[in-house]
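Single-structure report; data block below.
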Amino acid sequence: MASNDTAAPHSAISMEVPLKTSAPPPEYKSGGRGFKKHAVLDMLLRVFLFATAVASVVVMVTSEETKQIPVAPGITISRTAKFSHSPAYVYHVAALSVAALYSLITGAISILAVMKSGGNSAKLKFYLVVFDALLLGIVAAATGASGGVGYIGLKGNSHSRYNKICDRYGSYCFHFAAAILLSLIGSITLLLLIWLSVYVLSKKIARR
């Protein structure tokens with residue numbers, strides 16, 4: 001009988017099953033991979049934004065052309081058209097320069113978010129949404145202002161007695177048209193970044 005009493009505690013101990021496990025649930029792992037992909041996409045969009053902003057600034061700054069303008073029979077004067085003659089174009093260069101610098105800084109942050117575990121946090125996404133929206137307003141305003149001035153240069157305005165100049169300054173007009181197009185692409189890129197950040201934030205909120 002003594003041998004039976006001593007065997008009982010050992011058999012009871014061997015039947016114990018641990019209730020806790022340190023392994024994360026499968027949905028957490030898959031969600032982490034999904035957020036990592038979003039961070040990579042965010043980084044690529046910011047690199048693309050940097051490229052379009054720099055290209056727009058360079059094209060606008062180099063938009064300069066000199067022509068001989070006839071003012072009387074046998075008399076011509078040399079006139080130069082360049083971006084600094086229009087406040088809208090100066091604002092365009094300033095706004096896109098800010099966009100290039102901003103995309104460079106936030107692109108570096110996105111790279112760190114990809115490399116660092118947990119770097120793609122909800123707090124970071126919230127700040128990016130706020131500043132991306134602010135920059136979108138700045139870039140969109142610059143695009144609209146430059147587009148309005150460019151349209152007058154292309155078509156003129158008889159009611160305000162603004163003469164068109166693109167029939168004479170073809171290279172100049174081509175430059176600012178390309179710069180405005182690149183700025184528009186940058187605005188669309190910023191909009192995509194905002195949508196992506198909002199989507200990631202919504203997924204993080206839904207997981208809680």
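The way I read the labels, and the way they are meant: chains A, B, ... in the order of the structure tokens, residue 1 as the first residue of every chain, and ligand 1 as the first ligand shown, with later ones counted on from there.
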Hey, could you make a per-residue contact list for segment 109-134 of chain A against segment 182-195 of chain A with 8 Å as the cut-off, showing the nearest pair of atoms and its distance in Å to one decimal, counting only C-alpha atoms, sorted by chain and number, as JSON lines?
```
{"residue": "A:Leu128", "atom": "CA", "partner": "A:Ile194", "partner_atom": "CA", "distance": 7.9}
{"residue": "A:Val129", "atom": "CA", "partner": "A:Ile194", "partner_atom": "CA", "distance": 5.5}
{"residue": "A:Asp132", "atom": "CA", "partner": "A:Ile194", "partner_atom": "CA", "distance": 6.4}
{"residue": "A:Ala133", "atom": "CA", "partner": "A:Ile194", "partner_atom": "CA", "distance": 6.9}
```
*Shell around segment 57-59 of chain A at 12 Å using only C-alpha atoms, local window under 6 positions removed, as a ChimeraX atom specification*: /A:50-51,82-83,89-101,139,142-143,171-183,186
*Which is closest to Glu64 of chain A among A:Lys155, A:His85, A:Lys164, A:His38, if we use only C-alpha atoms?*
A:His85
